[in-house]
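First comes the structure, then the notes that go with it.
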Amino acid sequence: MTRFPGEAHEQPIFSVGQAYWNQRQRLAERRSELEQLHEAVGHPGDLWLCQFAQFYATALEFQPDMIVELGRGWGNSTAAFLAAIDALGEGARLVSLCRSREWRTVTRRLLEDMKPEGWFEPLEHVEAEIPTIDVKGRLKGGKRVLVLWDAHGYDVAEVVLARIMPMIAERPHLVIMHDIQDDRYHRAPARLCEEKGIWRSHEGHQHHIKIGHFSSAVEQMISALDFLTRNGAHLESADHEIHREIASRPEREEEMKRLGGLYGEACWCYFSLNEVSGPFTFPKWRG
Ligand SMILES: C[S@@+](CC[C@H](N)C(=O)[O-])C[C@H]1O[C@@H](n2cnc3c(N)ncnc32)[C@H](O)[C@@H]1O
């Protein structure tokens, strides 16, 4: 659970589990739209349908005026956030940063058969190496910022922690981190290093680092945990919150199961500096 500026710290105001539960009606109403979008993107392994629904519900509940997507790939998260912006109807923007071309060359064309021109308007699609992009200029207008951190490696970590976080630390914000699982809830245990030696860097999803109850195959888990520890903040587990708010309450879980594939495990985490008071410490930008 995380808290926003001006809120008493004993009164947490955000939880992914609560968001998922609170938005169940909207998820039910938009179920076929979300299923069709996810199917049209055609890469369900990059973001499962239930994760697609969780990102959508988180955006609806948090109500950002700006979403920054780091790592678009084929565009699952892009489509989930555009659908959420459309449902919110309040003129939020989506700034999508990635080197990949597939949104422009493939996915957008497929979605254009399903959605009117105006549905795509909130999107600023940037195709470049993330460390070379002027993120500071793009973040200036955002008052309530949701970040998806789904591009791997220390160079992107440096952009998030040294460039983006100093700009949004004092504004309401959430940073969603894909590809980090909470081993207390995940069915497949983290693959550890007994066969492969110590973990040094991302080598595909067969080799995981494990710190506390989190595990991941990607570098940014280390950077994020280091950053959060220095600032007295925490990595929050979407699965833990979903367990507390839904899975441990049979009547709620029964209702969520009626959403079919829109309900499931998360395998992602998030954080916000809003849960602690500053002053904050940020790494130096060496870009
Ligand atoms: C895991 S995929 C993103 C998946 C996407 N969020 C989805 O929901 O389908 C990560 C993407 O980030 C891109 N990427 C990784 N490092 C990058 C960098 N330094 N600059 C730009 N793009 C990068 C990869 O090429 C890939 O397209």
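Within each chain, counting starts at residue 1; across the structure tokens, chains are named A, B, ... in the order shown, with ligands numbered 1 upward in that order.
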
Per-residue nearest contacts chain A to ligand 1, cut-off 9 Å, using only C-alpha atoms and all ligand atoms, as CSV:
residue,atom,partner,partner_atom_place_in_ligand_line,distance
A:Val41,CA,ligand 1,9 (O),8.3
A:His43,CA,ligand 1,9 (O),6.9
A:Pro44,CA,ligand 1,9 (O),7.8
A:Gly45,CA,ligand 1,9 (O),8.2
A:Asp46,CA,ligand 1,9 (O),4.7
A:Leu47,CA,ligand 1,8 (O),4.9
A:Trp48,CA,ligand 1,8 (O),8.5
A:Gln51,CA,ligand 1,8 (O),8.9
A:Phe52,CA,ligand 1,8 (O),7.6
A:Glu69,CA,ligand 1,6 (N),7.3
A:Leu70,CA,ligand 1,12 (O),6.7
A:Gly71,CA,ligand 1,12 (O),3.5
A:Arg72,CA,ligand 1,5 (C),4.2
A:Gly73,CA,ligand 1,27 (O),3.4
A:Trp74,CA,ligand 1,9 (O),5.2
A:Gly75,CA,ligand 1,9 (O),4.7
A:Asn76,CA,ligand 1,8 (O),3.9
A:Ser77,CA,ligand 1,8 (O),3.8
A:Thr78,CA,ligand 1,8 (O),6.7
A:Ala79,CA,ligand 1,8 (O),8.3
A:Ala80,CA,ligand 1,8 (O),8.3
A:Leu97,CA,ligand 1,21 (C),6.7
A:Cys98,CA,ligand 1,22 (N),3.8
A:Arg99,CA,ligand 1,22 (N),4.0
A:Ser100,CA,ligand 1,27 (O),4.8
A:Arg101,CA,ligand 1,27 (O),8.3
A:Glu102,CA,ligand 1,27 (O),8.4
A:Glu127,CA,ligand 1,21 (C),7.5
A:Ala128,CA,ligand 1,21 (C),5.7
A:Glu129,CA,ligand 1,20 (N),3.5
A:Ile130,CA,ligand 1,20 (N),3.9
A:Pro131,CA,ligand 1,19 (N),6.4
A:Thr132,CA,ligand 1,20 (N),8.2
A:Ile133,CA,ligand 1,20 (N),9.0
A:Leu148,CA,ligand 1,6 (N),7.6
A:Trp149,CA,ligand 1,6 (N),8.0
A:Asp150,CA,ligand 1,3 (C),5.3
A:Ala151,CA,ligand 1,12 (O),3.9
A:His152,CA,ligand 1,15 (C),5.1
A:Gly153,CA,ligand 1,16 (N),6.4
A:Tyr154,CA,ligand 1,19 (N),8.6
A:Asp155,CA,ligand 1,19 (N),6.2
A:Val156,CA,ligand 1,19 (N),5.5
A:His178,CA,ligand 1,6 (N),8.0
A:Asp179,CA,ligand 1,1 (C),8.2

Find the residues around A:Leu235 up to 12 Å (only C-alpha atoms counted), leave out those fewer than 6 positions away in its own chain, and share them as a CSV table (one decimal) with all heavy atoms, in the first residue's frame.
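Output below, filename around_10.csv:
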chain,number,residue,atom,x,y,z
A,1,MET,N,0.8,-1.2,0.0
A,1,MET,CA,0.0,0.0,0.0
A,1,MET,C,0.9,1.2,0.0
A,1,MET,O,1.9,1.3,0.7
A,1,MET,CB,-0.8,0.0,1.3
A,1,MET,CG,-2.0,-0.9,1.2
A,1,MET,SD,-3.2,-0.5,2.4
A,1,MET,CE,-4.4,-1.7,2.1
A,2,THR,N,0.4,2.3,-0.7
A,2,THR,CA,1.2,3.4,-0.7
A,2,THR,C,0.4,4.7,-0.4
A,2,THR,O,-0.8,4.6,-0.6
A,2,THR,CB,2.0,3.5,-2.0
A,2,THR,OG1,3.2,4.3,-1.8
A,2,THR,CG2,1.2,4.1,-3.2
A,174,LEU,N,3.2,6.6,-9.3
A,174,LEU,CA,3.4,5.2,-9.0
A,174,LEU,C,4.3,4.7,-10.1
A,174,LEU,O,4.2,5.2,-11.3
A,174,LEU,CB,2.1,4.4,-9.2
A,174,LEU,CG,1.0,4.5,-8.2
A,174,LEU,CD1,-0.1,3.5,-8.6
A,174,LEU,CD2,1.5,4.0,-6.8
A,175,VAL,N,5.2,3.8,-9.8
A,175,VAL,CA,6.1,3.2,-10.8
A,175,VAL,C,5.8,1.7,-10.7
A,175,VAL,O,6.1,1.0,-9.8
A,175,VAL,CB,7.6,3.5,-10.5
A,175,VAL,CG1,8.5,2.8,-11.5
A,175,VAL,CG2,7.9,5.0,-10.4
A,176,ILE,N,5.3,1.2,-11.8
A,176,ILE,CA,5.0,-0.2,-12.0
A,176,ILE,C,6.2,-0.9,-12.5
A,176,ILE,O,6.8,-0.4,-13.5
A,176,ILE,CB,3.8,-0.5,-13.0
A,176,ILE,CG1,2.5,0.0,-12.4
A,176,ILE,CG2,3.7,-1.9,-13.3
A,176,ILE,CD1,1.3,-0.1,-13.3
A,177,MET,N,6.6,-2.0,-11.9
A,177,MET,CA,7.8,-2.8,-12.4
A,177,MET,C,7.3,-4.2,-12.8
A,177,MET,O,6.9,-5.0,-12.0
A,177,MET,CB,8.9,-2.9,-11.3
A,177,MET,CG,9.3,-1.5,-10.8
A,177,MET,SD,10.8,-1.7,-9.8
A,177,MET,CE,12.0,-2.1,-11.1
A,180,ILE,N,9.1,-8.7,-12.0
A,180,ILE,CA,9.6,-9.1,-10.7
A,180,ILE,C,8.5,-9.8,-10.0
A,180,ILE,O,7.3,-9.4,-9.9
A,180,ILE,CB,9.9,-7.8,-9.9
A,180,ILE,CG1,11.0,-7.0,-10.6
A,180,ILE,CG2,10.4,-8.1,-8.5
A,180,ILE,CD1,11.4,-5.7,-9.9
A,181,GLN,N,8.8,-11.0,-9.5
A,181,GLN,CA,7.8,-11.8,-8.8
A,181,GLN,C,8.0,-11.9,-7.3
A,181,GLN,O,9.1,-11.8,-6.8
A,181,GLN,CB,7.7,-13.2,-9.5
A,181,GLN,CG,8.8,-14.1,-9.1
A,181,GLN,CD,8.7,-15.4,-9.9
A,181,GLN,OE1,8.3,-15.5,-11.0
A,181,GLN,NE2,8.9,-16.5,-9.2
A,182,ASP,N,6.9,-12.1,-6.6
A,182,ASP,CA,6.9,-12.3,-5.2
A,182,ASP,C,6.8,-13.8,-5.0
A,182,ASP,O,5.7,-14.4,-5.2
A,182,ASP,CB,5.7,-11.6,-4.6
A,182,ASP,CG,5.6,-11.7,-3.1
A,182,ASP,OD1,6.2,-12.7,-2.5
A,182,ASP,OD2,4.9,-10.9,-2.5
A,211,ILE,N,16.2,-11.7,-3.9
A,211,ILE,CA,16.5,-10.8,-2.8
A,211,ILE,C,15.2,-10.7,-1.9
A,211,ILE,O,14.2,-10.3,-2.4
A,211,ILE,CB,17.0,-9.4,-3.2
A,211,ILE,CG1,18.2,-9.6,-4.1
A,211,ILE,CG2,17.2,-8.5,-2.0
A,211,ILE,CD1,18.8,-8.3,-4.6
A,212,GLY,N,15.3,-11.1,-0.6
A,212,GLY,CA,14.1,-11.2,0.2
A,212,GLY,C,13.1,-12.1,-0.5
A,212,GLY,O,13.5,-13.2,-1.0
A,213,HIS,N,11.9,-11.7,-0.6
A,213,HIS,CA,10.9,-12.6,-1.2
A,213,HIS,C,10.7,-12.3,-2.7
A,213,HIS,O,9.8,-12.8,-3.3
A,213,HIS,CB,9.6,-12.7,-0.4
A,213,HIS,CG,9.0,-11.4,0.0
A,213,HIS,ND1,9.0,-11.0,1.3
A,213,HIS,CD2,8.5,-10.4,-0.7
A,213,HIS,CE1,8.5,-9.8,1.3
A,213,HIS,NE2,8.2,-9.4,0.1
A,214,PHE,N,11.5,-11.4,-3.2
A,214,PHE,CA,11.4,-11.0,-4.6
A,214,PHE,C,12.4,-11.8,-5.5
A,214,PHE,O,13.5,-12.0,-5.0
A,214,PHE,CB,11.6,-9.5,-4.8
A,214,PHE,CG,10.5,-8.7,-4.2
A,214,PHE,CD1,10.8,-7.8,-3.1
A,214,PHE,CD2,9.2,-8.7,-4.6
A,214,PHE,CE1,9.8,-7.1,-2.5
A,214,PHE,CE2,8.2,-8.0,-4.1
A,214,PHE,CZ,8.5,-7.1,-3.0
A,215,SER,N,12.0,-12.1,-6.7
A,215,SER,CA,13.0,-12.7,-7.6
A,215,SER,C,12.7,-12.2,-9.0
A,215,SER,O,11.6,-11.7,-9.3
A,215,SER,CB,13.0,-14.2,-7.6
A,215,SER,OG,11.8,-14.7,-8.1
A,220,GLN,N,17.0,-4.4,-13.3
A,220,GLN,CA,16.4,-3.3,-12.6
A,220,GLN,C,15.9,-3.6,-11.2
A,220,GLN,O,15.6,-2.7,-10.4
A,220,GLN,CB,15.3,-2.6,-13.4
A,220,GLN,CG,14.1,-3.4,-13.7
A,220,GLN,CD,14.2,-4.0,-15.2
A,220,GLN,OE1,15.3,-4.3,-15.6
A,220,GLN,NE2,13.0,-4.1,-15.8
A,221,MET,N,15.7,-4.9,-10.9
A,221,MET,CA,15.3,-5.2,-9.5
A,221,MET,C,16.4,-4.7,-8.5
A,221,MET,O,16.1,-4.2,-7.5
A,221,MET,CB,15.0,-6.7,-9.3
A,221,MET,CG,14.5,-7.0,-7.9
A,221,MET,SD,13.9,-8.6,-7.7
A,221,MET,CE,15.4,-9.4,-7.0
A,222,ILE,N,17.6,-5.0,-8.9
A,222,ILE,CA,18.7,-4.6,-8.0
A,222,ILE,C,18.8,-3.0,-7.9
A,222,ILE,O,18.8,-2.5,-6.8
A,222,ILE,CB,20.1,-5.1,-8.5
A,222,ILE,CG1,20.1,-6.6,-8.5
A,222,ILE,CG2,21.3,-4.5,-7.7
A,222,ILE,CD1,21.3,-7.2,-9.2
A,223,SER,N,18.7,-2.3,-9.0
A,223,SER,CA,18.7,-0.9,-9.0
A,223,SER,C,17.6,-0.3,-8.2
A,223,SER,O,17.8,0.6,-7.4
A,223,SER,CB,18.7,-0.3,-10.4
A,223,SER,OG,19.6,-0.9,-11.2
A,224,ALA,N,16.4,-0.9,-8.3
A,224,ALA,CA,15.2,-0.3,-7.6
A,224,ALA,C,15.3,-0.6,-6.1
A,224,ALA,O,15.0,0.3,-5.3
A,224,ALA,CB,13.9,-1.0,-8.2
A,225,LEU,N,15.7,-1.8,-5.8
A,225,LEU,CA,15.8,-2.1,-4.3
A,225,LEU,C,16.9,-1.3,-3.6
A,225,LEU,O,16.7,-0.8,-2.5
A,225,LEU,CB,16.1,-3.6,-4.1
A,225,LEU,CG,14.9,-4.6,-4.3
A,225,LEU,CD1,15.4,-6.0,-4.3
A,225,LEU,CD2,13.9,-4.3,-3.3
A,226,ASP,N,18.0,-1.1,-4.3
A,226,ASP,CA,19.0,-0.2,-3.8
A,226,ASP,C,18.5,1.2,-3.6
A,226,ASP,O,18.6,1.8,-2.5
A,226,ASP,CB,20.2,-0.2,-4.8
A,226,ASP,CG,21.3,0.8,-4.4
A,226,ASP,OD1,21.7,0.8,-3.3
A,226,ASP,OD2,21.7,1.6,-5.3
A,227,PHE,N,17.8,1.7,-4.6
A,227,PHE,CA,17.3,3.1,-4.6
A,227,PHE,C,16.2,3.2,-3.5
A,227,PHE,O,16.2,4.2,-2.7
A,227,PHE,CB,16.6,3.4,-6.0
A,227,PHE,CG,15.9,4.7,-6.0
A,227,PHE,CD1,16.5,5.9,-6.1
A,227,PHE,CD2,14.5,4.7,-6.0
A,227,PHE,CE1,15.8,7.1,-6.2
A,227,PHE,CE2,13.8,5.9,-6.1
A,227,PHE,CZ,14.5,7.1,-6.2
A,228,LEU,N,15.3,2.3,-3.4
A,228,LEU,CA,14.3,2.3,-2.4
A,228,LEU,C,14.8,2.2,-1.0
A,228,LEU,O,14.4,2.9,0.0
A,228,LEU,CB,13.2,1.3,-2.6
A,228,LEU,CG,12.4,1.5,-3.9
A,228,LEU,CD1,11.6,0.2,-4.3
A,228,LEU,CD2,11.6,2.7,-3.9
A,229,THR,N,15.8,1.3,-0.8
A,229,THR,CA,16.4,1.2,0.5
A,229,THR,C,17.1,2.5,1.0
A,229,THR,O,17.0,2.9,2.1
A,229,THR,CB,17.5,0.0,0.5
A,229,THR,OG1,16.8,-1.1,0.0
A,229,THR,CG2,18.0,-0.2,1.9
A,268,TRP,N,4.2,-8.8,-10.7
A,268,TRP,CA,4.8,-7.5,-10.9
A,268,TRP,C,4.7,-6.8,-9.5
A,268,TRP,O,4.0,-7.2,-8.6
A,268,TRP,CB,4.2,-6.7,-12.0
A,268,TRP,CG,2.7,-6.5,-12.0
A,268,TRP,CD1,1.7,-7.3,-12.5
A,268,TRP,CD2,2.0,-5.3,-11.5
A,268,TRP,NE1,0.5,-6.7,-12.3
A,268,TRP,CE2,0.6,-5.5,-11.7
A,268,TRP,CE3,2.4,-4.1,-10.9
A,268,TRP,CZ2,-0.4,-4.6,-11.4
A,268,TRP,CZ3,1.4,-3.2,-10.5
A,268,TRP,CH2,0.1,-3.4,-10.7
A,269,CYS,N,5.5,-5.7,-9.5
A,269,CYS,CA,5.6,-5.0,-8.2
A,269,CYS,C,5.5,-3.5,-8.6
A,269,CYS,O,5.4,-3.1,-9.7
A,269,CYS,CB,7.0,-5.2,-7.6
A,269,CYS,SG,7.2,-6.9,-7.1
A,270,TYR,N,5.5,-2.7,-7.6
A,270,TYR,CA,5.5,-1.2,-7.8
A,270,TYR,C,6.0,-0.5,-6.6
A,270,TYR,O,6.2,-1.1,-5.6
A,270,TYR,CB,4.0,-0.8,-8.2
A,270,TYR,CG,3.1,-0.7,-7.0
A,270,TYR,CD1,2.8,0.4,-6.3
A,270,TYR,CD2,2.5,-1.9,-6.5
A,270,TYR,CE1,2.0,0.5,-5.2
A,270,TYR,CE2,1.6,-1.9,-5.4
A,270,TYR,CZ,1.4,-0.7,-4.8
A,270,TYR,OH,0.6,-0.7,-3.7
A,271,PHE,N,6.3,0.8,-6.8
A,271,PHE,CA,6.8,1.6,-5.7
A,271,PHE,C,6.4,3.0,-5.9
A,271,PHE,O,6.0,3.4,-7.0
A,271,PHE,CB,8.3,1.4,-5.5
A,271,PHE,CG,9.2,2.1,-6.6
A,271,PHE,CD1,9.5,3.4,-6.6
A,271,PHE,CD2,9.7,1.3,-7.6
A,271,PHE,CE1,10.3,4.0,-7.6
A,271,PHE,CE2,10.5,1.8,-8.6
A,271,PHE,CZ,10.8,3.2,-8.6
A,272,SER,N,6.5,3.8,-4.8
A,272,SER,CA,6.3,5.2,-4.9
A,272,SER,C,7.0,5.9,-3.7
A,272,SER,O,7.0,5.4,-2.6
A,272,SER,CB,4.8,5.5,-4.8
A,272,SER,OG,4.6,6.9,-4.7
A,273,LEU,N,7.7,7.0,-4.0
A,273,LEU,CA,8.4,7.7,-3.0
A,273,LEU,C,7.3,8.5,-2.1
A,273,LEU,O,7.7,9.0,-1.1
A,273,LEU,CB,9.4,8.7,-3.5
A,273,LEU,CG,10.7,8.1,-4.1
A,273,LEU,CD1,11.6,9.2,-4.5
A,273,LEU,CD2,11.4,7.2,-3.1
A,275,GLU,N,5.3,7.4,-0.3
A,275,GLU,CA,5.0,6.7,1.0
A,275,GLU,C,6.0,7.2,2.1
A,275,GLU,O,5.8,6.9,3.2
A,275,GLU,CB,5.1,5.2,0.9
A,275,GLU,CG,6.5,4.6,0.7
A,275,GLU,CD,6.5,3.1,0.7
A,275,GLU,OE1,5.9,2.5,-0.1
A,275,GLU,OE2,7.2,2.6,1.6

Å distance separating atom CA of A:Gly118 from atom CA of A:Arg30, one decimal place: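 Answer for the atom CA of A:Gly118 to atom CA of A:Arg30 separation: 18.3 Å.
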
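Distances here use only C-alpha atoms; by that measure, the residue among A:Ala84, A:Leu262, A:Val147, A:Ala169 closest to A:Arg24 is A:Leu262.
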
Residues of stretch 24-171 of chain A in helix (DSSP H, G or I), written as a ChimeraX atom specification: /A:24-29,31-41,49-62,76-88,102-112,117-120,130-132,135-139,154-168

If we count only C-alpha atoms, what is near A:Gly137 at a cut-off of 12 Å, once residues fewer than 6 positions away on the same chain are taken out, given as a CSV table (one decimal) with N, CA and C atoms, in the first residue's frame?
chain,number,residue,atom,x,y,z
A,95,VAL,N,3.0,8.7,-22.9
A,95,VAL,CA,4.2,8.8,-23.6
A,95,VAL,C,4.9,7.5,-23.6
A,163,ARG,N,16.8,10.5,-13.7
A,163,ARG,CA,16.1,11.5,-14.5
A,163,ARG,C,14.6,11.6,-14.2
A,164,ILE,N,13.9,10.5,-14.1
A,164,ILE,CA,12.5,10.6,-14.0
A,164,ILE,C,12.1,10.8,-12.5
A,167,MET,N,12.1,14.2,-10.9
A,167,MET,CA,11.1,15.1,-11.4
A,167,MET,C,9.7,14.8,-10.8

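Residue nearest A:Pro283, chosen from A:Leu123, A:Leu110, A:Val159, A:Ala19 and counting only C-alpha atoms: A:Val159.
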
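Distances to A:Phe55 were evaluated for A:Gln23, A:Ser277, A:Gln36, A:Thr107 using only C-alpha atoms, and the minimum falls at A:Gln23.
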
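Near A:Ile242, within 7 Å and counting only C-alpha atoms, sit Val16, Gly17, Ala238, Ile246 and Ala247 of chain A, not including residues fewer than 4 positions from it in the same chain.
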
Filtering to N, CA and C atoms, could you give me those residues as a PDB file, in the first residue's frame?
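The resulting file, out_30.pdb, is reproduced below:
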ATOM      1  N   VAL A  16      -2.858  -1.988  -5.127  1.00  0.00           N
ATOM      2  CA  VAL A  16      -3.207  -2.644  -6.386  1.00  0.00           C
ATOM      3  C   VAL A  16      -4.350  -3.639  -6.156  1.00  0.00           C
ATOM      4  N   GLY A  17      -4.328  -4.314  -5.017  1.00  0.00           N
ATOM      5  CA  GLY A  17      -5.401  -5.263  -4.714  1.00  0.00           C
ATOM      6  C   GLY A  17      -6.743  -4.560  -4.623  1.00  0.00           C
ATOM      7  N   ALA A 238       2.306  -6.555  -5.956  1.00  0.00           N
ATOM      8  CA  ALA A 238       0.914  -6.615  -6.411  1.00  0.00           C
ATOM      9  C   ALA A 238       0.278  -7.938  -5.974  1.00  0.00           C
ATOM     10  N   ILE A 246      -8.289  -9.937  -2.137  1.00  0.00           N
ATOM     11  CA  ILE A 246      -9.186 -10.776  -2.939  1.00  0.00           C
ATOM     12  C   ILE A 246      -9.005 -12.275  -2.657  1.00  0.00           C
ATOM     13  N   ALA A 247      -7.794 -12.792  -2.912  1.00  0.00           N
ATOM     14  CA  ALA A 247      -7.627 -14.246  -2.916  1.00  0.00           C
ATOM     15  C   ALA A 247      -7.869 -14.880  -1.553  1.00  0.00           C
TER      16      ALA A 247
END

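What separates atom CA of A:Met256 from atom CA of A:Gln54 is a distance of 12.0 Å.
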
Point-to-point distance from atom CA of A:Ile67 to atom CA of A:Phe120, Å rounded to tenths: 13.9 Å

Among listed residues A:Ala87, A:Leu146, A:Cys50, A:Leu34, nearest A:Lys257 (using only C-alpha atoms):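 Using only C-alpha atoms, A:Lys257 sits closest to A:Cys50.
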
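Using only C-alpha atoms, the nearest neighbour of A:Asp86 within the list A:Leu49, A:Arg258, A:His38, A:Glu33 is A:Glu33.
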